[in-house]
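Everything on this sheet refers to the single structure shown next.
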Amino acid sequence: MALLSVENVRAGYGTGPDILNGLTLKVESNQTHCIIGPNGAGKSTLLRVICGLLHPREGRVLFDGVPIQSLQTPDILRKGVSFIPSDRCLFPEMTVLENLRMGGHILKNPKSVSKRIDEIMERFPILQTRRGQLAKTLSGGEQKMLALGRSLVLQPKLIMLDEPSLGLAPKVSKQVFENIKDMAHSGMSVLLVEQNARMGLECANWGHVLDFGKNSFEGPSSEILSDKRIQELYLGKSKPARKKEAE
Amino acid sequence: MNALVQVLLLGIALGGVYALMASGLTLIFGVMRIVNIAHAAFMMISAYITFWAFTVYQVDPIVSLLFTMPIMFGLGVVIYRVFFASIAGSEKLGELSVLLTFSLALILEGVLGYLFTNTYRSTNPDYAIKAILFGPFFIPASQLYATVLSLLLLVVFWIFLRYSRTGNAIRATTQNRESARIVGVDVERISMIVFGLGTALAGASGSLMTFLFSFYPGKHWEWIAILLSLIVLGGMGSMFGALIGAFLLAIASSYVSFYFGPNWSPITFFLALFLILLIRPQGLLGKKMEA
Amino acid sequence: MTPLTISKKSNPETEMSGMNQLGLKTKFPVVAGLVLLLALVPLLHLSLGGFGYWLHMLLYTFMYIAMASAWNIIGGFAGYISLGHNVFFAVGGYFSAVLLVYFDISPFLTTPLAGLAAMVLGIVFGLISLRTRGPAFIISTIALTMVIKIAFDNWDYIGGSNGISLPLSSLSNEVVKIPFYFAFYAIALVTVYSSYRIRHSKFGLGLRAIAQDEMKAELAGIQTRQYKIMAFGLSGFFVGMTGAIWGDYLTFLRPTIFLSILVAAKLVLMTVLGGKGTVSGPVLGAILFILINEFFVTVLGGSELNIVATGLLLAVVLLFFPKGIVGTLKDKGLLPQFLDWG
């Protein structure tokens with residue numbers, strides 16, 4: 001049974017049009033899935049639906065076999081789903097430590113939260129160094145790391161990231177993707193949405209191409225990376241020099 | 001020279017009270033971006049309750065804080081659910097909330113006027129006429145007690161915000177509403193609690209003001225104009241800014257009262273407002289308005 | 001769907017959505033007919049007598065039609081809520097009153113000047129307060145009212161808190177209302193017509209853009225600051241004129257009357273009730289509100305419950321019909337042609 005199963009979901013914002021048009025998608029345990037696709041295809045919307053920020057108009061979302069599409073975010077978090085949005089995801093006037101504590105907000109026992117925070121700071125030593133600093137004073141990469149760390153406090157089974165490389169210098173993005181790979185190795189399932197399709201697919205096992213709110217293509221990420229059609233449509237633009245060569 | 005210092009002291013002695021009055025307003029705005037025009041009307045409700053308890057049962061106004069605060073908290077929660085819960089998610093909240101709280105203020109004023117008429121009221125416990133001497137200077141006991149109590153309440157509130165689970169949830173919601181949701185904060189419930197807390201703070205300041213100023217139902221317009229000017233000066237949404245604004249303006253209005261007469265002292269707040277709008281529209285500690 | 005073209009003097013007919021020649025033919029006669037009929041009411045009174053109460057109610061309604069339509073220019077078209085509009089009412093009123101008492105010039109002559117005085121105040125104030133968006137502006141309008149109130153309360157030249165008394169008219173009781181009737185009637189016509197022309201002009205389009213998304217409007221090249229200040233000033237101009245005439249009608253002015261927040265509240269309520277941002281909305285809202293108010297006063301008497309009723313009505317309209325009657329009907333396509341003025 002798949003860890004996460006999105007079945008025929010139709011969703012949109014307010015009274016606006018459908019952004020997701022009957023989307024079906026499965027994420028297996030211990031796998032890293034990457035979703036790519038053009039802007040407006042619904043990639044971010046999908047993540048928001050899964051973690052309960054937006055309720056679908058039709059369809060189901062199953063986590064560990066249990067329907068979660070009508071649950072509120074705190075309950076979905078308790079089931080083991082975590083979400084890191086693309087930007088502005090921290091509490092700027094709170095310290096690193098306070099931000100991490102907020103990650104464990106739904107847990108009532110402060111001691112267990114402290115223990116987990118210690119573990120996270122071991123994993124990301126830079127957070128230990130900056131523990132008393134206000135989140136807004138951190139660099140882009142450090143903020144991303146804090147966001148990652150915060151999402152790990154609840155020891156989620158599935159972690160969802162929306163464009164983790166957004167706004168980061170290439171070297172820093174690389175570090176972020178290394179962290180994601182580490183998390184995957186420690187047994188977490190990862191679902192990430194990436195505009196930088198190459199980097200995203202390279203750290204994933206399985207890839208999905210989203211277009212017009214539907215899962216239009218999926219397969220092993222290496223296949224997607226090498227598929228010529230997809231290269232032209234979604235990847236080609238990032239390598240114009242190579243294209244010229246080919247001509 | 002002595003006179004100037006005396007005036008300064010009188011101003012400082014009122015600063016704390018103004019800060020308490022403004023704190024509820026700032027809190028609600030920070031969390032929900034609602035400008036609560038009815039805030040001073042809430043103060044009036046509490047003032048009248050205090051007045052009634054004092055006149056009928058001789059309850060000391062300071063003691064009445066023990067019941068006006070919980071009553072106002074409850075009232076705030078109820079009003080939030082009736083008026084604001086339904087439009088909480090919509091984008092029009094900002095514009096709508098001003099008019100909505102405006103209409104709320106009218107309703108509250110009308111009810112109070114009907115129940116208590118427009119006579120000027122106040123309470124006069126013993127300390128209302130006493131003064132405490134500091135060398136050659138004096139501070140009216142009423143102002144001193146009120147300011148000390150106000151600052152105490154604010155400190156307690158600050159501790160609550162920084163160290164309690166709910167307090168942290170409130171701060172998180174103020175700083176980044178969506179991320180608060182993402183980490184599992186029940187943002188709607190927090191909004192409701194905050195509205196209750198803000199109203200409770202209004203309740204506290206309402207009780208305290210009964211022995212400092214005289215009041216009648218329609219007076220809340222003057223108060224809300226003063227408080228709103230104060231928080232614009234301090235920077236909307238910044239509790240610390242409200243504190244600074246409160247003391248600065250209390251002191252300034254004390255001098256205005258001294259030189260031009262008490263009738264003119266409210267103008268201090270409004271002129272300060274216009275001045276800050278000219279020079280630094282986001283207030284002393286506020287952030288520049290984003291798109 | 002034809003794209004809306006921005007031209008300085010756009011043709012009103014083609015700009016109205018869903019408007020056809022037939023609609024035009026039914027709208028103008030109805031409106032024109034009403035306008036003419038209303039002009040004849042005083043004749044009725046003169047010939048038959050006994051219409052004094054009607055004259056009063058009608059001129060009162062015209063006054064509020066003018067004020068609500070004026071408020072709508074800044075509050076509805078531009079989306080900047082002013083809660084202190086009675087400031088213009090007071091300034092206009094006092095301006096003409098002073099000219100009458102100290103210089104013996106009739107308010108009927110000085111009304112436009114009173115309007116100008118209010119407009120100047122609006123522009124100066126707008127220069128300061130329209131630098132901010134949203135709540136800070138609203139707060140500053142309240143602050144302005146307070147400042148003017150305190151200033152007037154303490155200014156002996158204009159009577160301070162006791163106010164000014166104006167000399168009574170030499171006309172007899174039966175006839176005295178008639179000049180005021182026509183004055184308010186004229187002001188109402190001018191204001192509504194101006195509102196209509198603004199709405200269907202490039203200026204009005206710019207204001208609407210500001211109301212919807214000021215950032216985008218600025219990026220599109222619209223001079224948002226000038227537009228806002230102009231709208232605020234114009235809005236004040238018309239309200240100032242009504243204040244001048246009303247002061248003379250009452251024959252006395254006092255800060256508590258002219259600067260009571262209730263006047264500002266009623267303006268907001270009327271416009272929101274009728275339909276903020278439309279031309280016919282404030283007119284309809286003013287008429288409706290006055291009818292409702294008369295009802296309340298008859299049933300509930302006294303002033304305090306009146307305030308409660310005003311507040312409740314505003315709250316209900318805001319929560320359930322935020323677009324007002326005209327706006328809601330328009331959305332549903334049920335707006336009768338003779339009310340569709342834009």
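We label chains A, B, ... in the order they appear in the structure tokens, count residues from 1 in each chain, and number ligands from 1 in the order shown.
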Please give the complete set of residues from range 27-178 of chain A that DSSP, run on the backbone, assigns to strand (DSSP E), formatted as number ranges by chain. A: 27, 32-36, 58-63, 66-67, 81-84, 158-162
Convert the current residue selection to file output with N, CA and C atoms, as a PDB file, in the first residue's frame.
ATOM      1  N   VAL A  27       2.697   8.084  -3.638  1.00  0.00           N
ATOM      2  CA  VAL A  27       4.076   8.142  -3.133  1.00  0.00           C
ATOM      3  C   VAL A  27       4.318   6.905  -2.269  1.00  0.00           C
ATOM      4  N   THR A  32      11.851   8.878  -2.708  1.00  0.00           N
ATOM      5  CA  THR A  32      11.846  10.327  -2.904  1.00  0.00           C
ATOM      6  C   THR A  32      11.215  10.612  -4.255  1.00  0.00           C
ATOM      7  N   HIS A  33      10.132  11.341  -4.216  1.00  0.00           N
ATOM      8  CA  HIS A  33       9.445  11.698  -5.449  1.00  0.00           C
ATOM      9  C   HIS A  33       9.647  13.171  -5.742  1.00  0.00           C
ATOM     10  N   CYS A  34       9.819  13.481  -7.023  1.00  0.00           N
ATOM     11  CA  CYS A  34       9.957  14.887  -7.383  1.00  0.00           C
ATOM     12  C   CYS A  34       8.905  15.250  -8.421  1.00  0.00           C
ATOM     13  N   ILE A  35       8.236  16.365  -8.194  1.00  0.00           N
ATOM     14  CA  ILE A  35       7.224  16.829  -9.142  1.00  0.00           C
ATOM     15  C   ILE A  35       7.779  18.032  -9.899  1.00  0.00           C
ATOM     16  N   ILE A  36       7.720  17.950 -11.210  1.00  0.00           N
ATOM     17  CA  ILE A  36       8.124  19.116 -12.002  1.00  0.00           C
ATOM     18  C   ILE A  36       6.959  19.513 -12.892  1.00  0.00           C
ATOM     19  N   GLU A  58     -13.207  17.788  -4.781  1.00  0.00           N
ATOM     20  CA  GLU A  58     -13.583  16.419  -5.136  1.00  0.00           C
ATOM     21  C   GLU A  58     -12.357  15.534  -4.938  1.00  0.00           C
ATOM     22  N   GLY A  59     -12.596  14.264  -4.693  1.00  0.00           N
ATOM     23  CA  GLY A  59     -11.472  13.326  -4.634  1.00  0.00           C
ATOM     24  C   GLY A  59     -11.021  13.063  -3.213  1.00  0.00           C
ATOM     25  N   ARG A  60     -10.050  12.155  -3.082  1.00  0.00           N
ATOM     26  CA  ARG A  60      -9.577  11.773  -1.762  1.00  0.00           C
ATOM     27  C   ARG A  60      -8.064  11.859  -1.670  1.00  0.00           C
ATOM     28  N   VAL A  61      -7.601  12.035  -0.451  1.00  0.00           N
ATOM     29  CA  VAL A  61      -6.180  11.916  -0.185  1.00  0.00           C
ATOM     30  C   VAL A  61      -6.036  10.910   0.948  1.00  0.00           C
ATOM     31  N   LEU A  62      -5.273   9.849   0.688  1.00  0.00           N
ATOM     32  CA  LEU A  62      -5.110   8.812   1.722  1.00  0.00           C
ATOM     33  C   LEU A  62      -3.682   8.795   2.212  1.00  0.00           C
ATOM     34  N   PHE A  63      -3.521   8.739   3.510  1.00  0.00           N
ATOM     35  CA  PHE A  63      -2.192   8.622   4.086  1.00  0.00           C
ATOM     36  C   PHE A  63      -2.172   7.380   4.972  1.00  0.00           C
ATOM     37  N   VAL A  66      -5.502   5.942   5.356  1.00  0.00           N
ATOM     38  CA  VAL A  66      -6.570   6.697   6.029  1.00  0.00           C
ATOM     39  C   VAL A  66      -6.881   7.982   5.257  1.00  0.00           C
ATOM     40  N   PRO A  67      -8.150   8.255   4.991  1.00  0.00           N
ATOM     41  CA  PRO A  67      -8.482   9.487   4.264  1.00  0.00           C
ATOM     42  C   PRO A  67      -8.177  10.723   5.120  1.00  0.00           C
ATOM     43  N   VAL A  81       2.731  13.864   8.452  1.00  0.00           N
ATOM     44  CA  VAL A  81       3.044  14.629   7.246  1.00  0.00           C
ATOM     45  C   VAL A  81       3.639  15.972   7.665  1.00  0.00           C
ATOM     46  N   SER A  82       4.672  16.398   6.940  1.00  0.00           N
ATOM     47  CA  SER A  82       5.274  17.690   7.241  1.00  0.00           C
ATOM     48  C   SER A  82       5.433  18.486   5.962  1.00  0.00           C
ATOM     49  N   PHE A  83       5.332  19.820   6.059  1.00  0.00           N
ATOM     50  CA  PHE A  83       5.360  20.630   4.840  1.00  0.00           C
ATOM     51  C   PHE A  83       6.269  21.837   5.029  1.00  0.00           C
ATOM     52  N   ILE A  84       7.128  22.054   4.041  1.00  0.00           N
ATOM     53  CA  ILE A  84       7.967  23.250   4.071  1.00  0.00           C
ATOM     54  C   ILE A  84       7.656  24.082   2.837  1.00  0.00           C
ATOM     55  N   LEU A 158       6.448  11.476   6.124  1.00  0.00           N
ATOM     56  CA  LEU A 158       6.531  12.068   4.797  1.00  0.00           C
ATOM     57  C   LEU A 158       6.847  13.541   4.946  1.00  0.00           C
ATOM     58  N   ILE A 159       7.877  13.962   4.247  1.00  0.00           N
ATOM     59  CA  ILE A 159       8.187  15.369   4.298  1.00  0.00           C
ATOM     60  C   ILE A 159       8.008  15.962   2.901  1.00  0.00           C
ATOM     61  N   MET A 160       7.276  17.081   2.829  1.00  0.00           N
ATOM     62  CA  MET A 160       6.984  17.694   1.535  1.00  0.00           C
ATOM     63  C   MET A 160       7.691  19.039   1.455  1.00  0.00           C
ATOM     64  N   LEU A 161       8.400  19.269   0.366  1.00  0.00           N
ATOM     65  CA  LEU A 161       9.109  20.527   0.214  1.00  0.00           C
ATOM     66  C   LEU A 161       8.685  21.225  -1.073  1.00  0.00           C
ATOM     67  N   ASP A 162       8.368  22.496  -0.960  1.00  0.00           N
ATOM     68  CA  ASP A 162       7.978  23.263  -2.132  1.00  0.00           C
ATOM     69  C   ASP A 162       9.157  24.121  -2.576  1.00  0.00           C
TER      70      ASP A 162
END
Non-local contacts of range 217-228 of chain C (10 Å; only C-alpha atoms; under 5 positions in same chain excluded) as number ranges by chain: C: 73-74, 77-80, 123, 126-127, 130-132, 203-212, 233-234
For chain C, which residues have at least one atom within 8 Å of chain B, if we go by only C-alpha atoms? Write them as a CSV table (one decimal) with C-alpha atoms, in the first residue's frame, please.
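Result file is out18.csv:
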chain,number,residue,atom,x,y,z
C,128,ILE,CA,-0.5,64.6,4.7
C,129,SER,CA,-2.7,61.6,5.3
C,131,ARG,CA,0.7,59.1,2.0
C,132,THR,CA,-0.4,55.9,3.7
C,134,GLY,CA,-5.4,51.4,4.7
C,135,PRO,CA,-6.1,51.8,8.3
C,136,ALA,CA,-3.7,54.8,8.9
C,139,ILE,CA,-7.5,56.8,11.7
C,140,SER,CA,-6.3,60.2,10.5
C,142,ILE,CA,-11.1,60.5,12.8
C,143,ALA,CA,-8.2,62.4,14.2
C,144,LEU,CA,-9.0,65.3,11.9
C,146,MET,CA,-11.3,65.6,16.8
C,147,VAL,CA,-8.8,68.3,16.0
C,150,ILE,CA,-11.4,70.9,19.8
C,154,ASN,CA,-12.2,76.8,21.9
C,215,MET,CA,0.1,48.9,-6.3
C,261,ILE,CA,-19.8,61.3,14.7
C,304,GLU,CA,-29.7,56.2,22.0
C,305,LEU,CA,-31.6,53.3,20.5
C,306,ASN,CA,-31.4,55.2,17.3
C,307,ILE,CA,-27.6,54.9,17.5
C,308,VAL,CA,-28.0,51.2,18.2
C,309,ALA,CA,-30.2,50.8,15.2
C,310,THR,CA,-27.8,52.6,12.9
C,311,GLY,CA,-25.0,50.4,14.1
C,312,LEU,CA,-26.9,47.2,13.8
C,314,LEU,CA,-24.6,48.9,9.2
C,315,ALA,CA,-23.3,45.6,10.6
C,318,LEU,CA,-21.7,44.7,5.9
C,319,LEU,CA,-22.0,41.1,6.8
Determine, counting only C-alpha atoms, which protein, DNA and RNA residues have an atom within 12 Å of an atom of Arg130 in chain A; residues of the same chain fewer than 4 positions away are not included. Present the result as number ranges by chain. A: 95-100, 121, 124-126, 134-139, 142-143, 145-146
Identify all chain A residues at most 8 Å from chain B by counting only C-alpha atoms; ligands do not count. Present them as a list in words.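 For chain A, the answer reads Cys51, Leu53, Thr73, Pro74, Asp75, Leu77, Phe83, Arg88, Cys89, Leu90, Phe91, Pro92, Glu93, Met94, Met102, Gly103, Gly104, His105, Ile106 and Ser151 of chain A.
The residue that comes closest to Ile287 in chain C, out of C:Leu59, C:Ile178, C:Ala117, C:Leu46 and on the basis of only C-alpha atoms, is C:Leu59.
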Shell around range 254-258 of chain B at 10 Å using only C-alpha atoms, local window under 2 positions removed, as a list in words: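 Here the answer would be Ala3, Leu4, Gln6, Val7, Leu8, Leu9, Leu10, Gly11, Ile12, Leu14, Leu248, Leu249, Ala250, Ile251, Ala252, Phe260, Gly261, Pro262, Asn263, Trp264, Ser265, Pro266, Ile267 and Thr268 of chain B.
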Calculate how many Å separate CA of Thr251 in chain C from CA of Leu166 in chain C, rounding to one decimal.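 Separation of CA of Thr251 in chain C and CA of Leu166 in chain C: 4.7 Å.
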Pick from A:Ser5, A:Arg123, A:Asp211, A:Arg198, whichever lies nearest to Asn179 in chain A using only C-alpha atoms: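 Nearest candidate to Asn179 in chain A out of A:Ser5, A:Arg123, A:Asp211, A:Arg198: A:Arg123.
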Could you check the closest approach to Gly275 in chain C for each of C:Thr111, C:Asn173, C:Thr141, C:Thr328 and tell me which residue wins, using only C-alpha atoms? C:Thr328
Give me the residues near Ala47 in chain B as a ChimeraX atom specification, where near means some atom within 8 Å (using only C-alpha atoms) and where sequence neighbours in that chain fewer than 3 positions away do not count. /B:43-44,50-51,203,206-210
Please, could you write that set of residues out with N, CA and C atoms as an mmCIF file, in the first residue's frame?
data_model
loop_
_atom_site.group_PDB
_atom_site.id
_atom_site.type_symbol
_atom_site.label_atom_id
_atom_site.label_comp_id
_atom_site.auth_asym_id
_atom_site.auth_seq_id
_atom_site.Cartn_x
_atom_site.Cartn_y
_atom_site.Cartn_z
ATOM 1 N N MET B 43 -13.822 49.681 26.478
ATOM 2 C CA MET B 43 -13.332 50.304 27.709
ATOM 3 C C MET B 43 -14.489 50.928 28.473
ATOM 4 N N MET B 44 -15.388 51.552 27.724
ATOM 5 C CA MET B 44 -16.531 52.193 28.351
ATOM 6 C C MET B 44 -17.423 51.175 29.054
ATOM 7 N N THR B 50 -17.694 48.873 36.275
ATOM 8 C CA THR B 50 -16.935 49.270 37.463
ATOM 9 C C THR B 50 -17.691 50.338 38.256
ATOM 10 N N PHE B 51 -18.215 51.297 37.525
ATOM 11 C CA PHE B 51 -18.963 52.390 38.152
ATOM 12 C C PHE B 51 -20.160 51.853 38.926
ATOM 13 N N GLY B 203 -10.836 46.076 29.010
ATOM 14 C CA GLY B 203 -11.605 46.043 30.237
ATOM 15 C C GLY B 203 -10.795 46.520 31.426
ATOM 16 N N GLY B 206 -10.362 50.147 31.201
ATOM 17 C CA GLY B 206 -11.624 50.820 31.449
ATOM 18 C C GLY B 206 -11.900 50.966 32.930
ATOM 19 N N SER B 207 -11.628 49.898 33.671
ATOM 20 C CA SER B 207 -11.832 49.974 35.118
ATOM 21 C C SER B 207 -10.926 51.011 35.742
ATOM 22 N N LEU B 208 -9.672 51.008 35.300
ATOM 23 C CA LEU B 208 -8.718 51.938 35.892
ATOM 24 C C LEU B 208 -9.057 53.382 35.569
ATOM 25 N N MET B 209 -9.632 53.598 34.398
ATOM 26 C CA MET B 209 -9.849 54.989 34.014
ATOM 27 C C MET B 209 -10.984 55.642 34.790
ATOM 28 N N THR B 210 -11.813 54.824 35.464
ATOM 29 C CA THR B 210 -12.962 55.418 36.140
ATOM 30 C C THR B 210 -12.565 56.417 37.209
#
Mind the document's chain letters and residue numbers, and return as an MDAnalysis selection string the residues of range 41-223 of chain A that DSSP labels alpha helix (DSSP H). chainID A and resid 43:50 73:79 96:103 110:123 125:129 140:152 170:185 197:202 221:223
Just C-alpha atoms for this one: save the residues we selected as a compact mmCIF listing (two decimals), in the first residue's frame.
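Saved file selection12.txt follows:
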# COMPACT_ATOMS: atom_id res chain seq x y z
CA LYS A 43 2.38 21.81 -7.98
CA SER A 44 2.22 24.03 -4.90
CA THR A 45 -1.52 23.65 -4.72
CA LEU A 46 -1.14 19.89 -4.52
CA LEU A 47 1.14 20.13 -1.51
CA ARG A 48 -1.24 22.51 0.21
CA VAL A 49 -4.12 20.15 -0.33
CA ILE A 50 -2.20 17.24 1.11
CA THR A 73 -3.69 20.57 9.49
CA PRO A 74 -2.87 19.71 13.14
CA ASP A 75 -4.40 16.26 12.72
CA ILE A 76 -2.58 15.68 9.45
CA LEU A 77 0.66 16.67 11.14
CA ARG A 78 -0.04 14.12 13.85
CA LYS A 79 -0.38 11.44 11.21
CA VAL A 96 16.20 29.82 16.00
CA LEU A 97 15.36 27.90 19.12
CA GLU A 98 11.86 29.36 19.34
CA ASN A 99 11.27 28.53 15.70
CA LEU A 100 12.29 24.95 16.34
CA ARG A 101 10.02 24.81 19.37
CA MET A 102 7.12 25.99 17.26
CA GLY A 103 7.83 23.00 15.07
CA PRO A 110 7.95 20.03 26.29
CA LYS A 111 10.60 17.54 27.38
CA SER A 112 10.23 15.33 24.32
CA VAL A 113 10.28 18.43 22.14
CA SER A 114 13.56 19.53 23.73
CA LYS A 115 15.07 16.12 23.16
CA ARG A 116 14.19 16.14 19.49
CA ILE A 117 15.44 19.67 19.09
CA ASP A 118 18.80 18.59 20.53
CA GLU A 119 18.97 15.80 17.98
CA ILE A 120 18.17 18.21 15.19
CA MET A 121 20.83 20.64 16.32
CA GLU A 122 23.33 17.81 16.24
CA ARG A 123 22.40 17.14 12.68
CA PRO A 125 25.33 22.23 13.91
CA ILE A 126 24.91 25.69 12.44
CA LEU A 127 21.55 25.89 14.19
CA GLN A 128 23.21 25.15 17.49
CA THR A 129 25.62 28.00 16.91
CA GLY A 140 19.17 32.25 3.00
CA GLY A 141 20.76 28.86 3.31
CA GLU A 142 20.66 28.92 7.10
CA GLN A 143 17.00 29.83 7.02
CA LYS A 144 16.31 26.90 4.74
CA MET A 145 18.14 24.65 7.15
CA LEU A 146 16.11 26.01 10.03
CA ALA A 147 12.92 25.33 8.07
CA LEU A 148 14.10 21.79 7.43
CA GLY A 149 15.04 21.30 11.04
CA ARG A 150 11.74 22.65 12.22
CA SER A 151 9.83 20.22 10.05
CA LEU A 152 11.78 17.32 11.52
CA PRO A 170 23.72 27.08 -6.52
CA LYS A 171 26.27 26.02 -3.92
CA VAL A 172 23.76 26.49 -1.13
CA SER A 173 21.06 24.64 -3.07
CA LYS A 174 23.42 21.76 -3.42
CA GLN A 175 23.83 21.64 0.33
CA VAL A 176 20.06 21.66 0.76
CA PHE A 177 19.64 18.75 -1.61
CA GLU A 178 22.37 16.87 0.24
CA ASN A 179 20.33 17.36 3.41
CA ILE A 180 17.24 16.08 1.65
CA LYS A 181 19.11 12.99 0.50
CA ASP A 182 20.30 12.42 4.07
CA MET A 183 16.73 12.57 5.33
CA ALA A 184 15.66 10.12 2.68
CA HIS A 185 18.45 7.77 3.75
CA ALA A 197 13.86 20.20 -12.53
CA ARG A 198 17.32 18.80 -13.08
CA MET A 199 18.45 19.16 -9.47
CA GLY A 200 15.13 17.92 -8.15
CA LEU A 201 15.02 14.84 -10.32
CA GLU A 202 18.63 14.03 -9.63
CA SER A 221 13.47 10.01 -12.40
CA SER A 222 16.42 8.90 -14.50
CA GLU A 223 14.05 8.08 -17.32
Would you pick out the contacts of Val78 in chain B at 12 Å or less, using only C-alpha atoms, so that residues sharing its chain but fewer than 3 positions from it are not included, and give the list as a compact mmCIF listing (two decimals) with C-alpha atoms, in the first residue's frame?
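Once everything was written out, this is around-v8.txt:
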# COMPACT_ATOMS: atom_id res chain seq x y z
CA ILE B 71 -16.25 39.42 31.75
CA MET B 72 -14.71 41.43 28.95
CA PHE B 73 -12.71 38.42 27.79
CA GLY B 74 -15.93 36.49 27.44
CA LEU B 75 -17.62 39.38 25.69
CA ARG B 81 -17.69 34.66 16.90
CA VAL B 82 -20.74 36.71 15.97
CA PHE B 83 -19.09 39.39 13.89
CA PHE B 84 -15.75 38.20 12.64
CA ALA B 85 -15.50 34.44 12.58
CA MET B 192 -10.71 34.23 18.92
CA ILE B 193 -8.56 34.07 22.04
CA PHE B 195 -9.80 39.13 20.46
CA GLY B 196 -10.88 38.08 23.93
CA THR B 199 -10.96 43.11 24.97
Å distance separating CA of Lys130 in chain B from CA of Ala146 in chain B, one decimal place: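 Between CA of Lys130 in chain B and CA of Ala146 in chain B the gap is 13.2 Å.
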Distance query Pro17 in chain A at most 12 Å, only C-alpha atoms, self and fewer than 6 positions along chain excluded, as a VMD selection string: chain A and resid 10 to 11 40 42 57 212 to 213
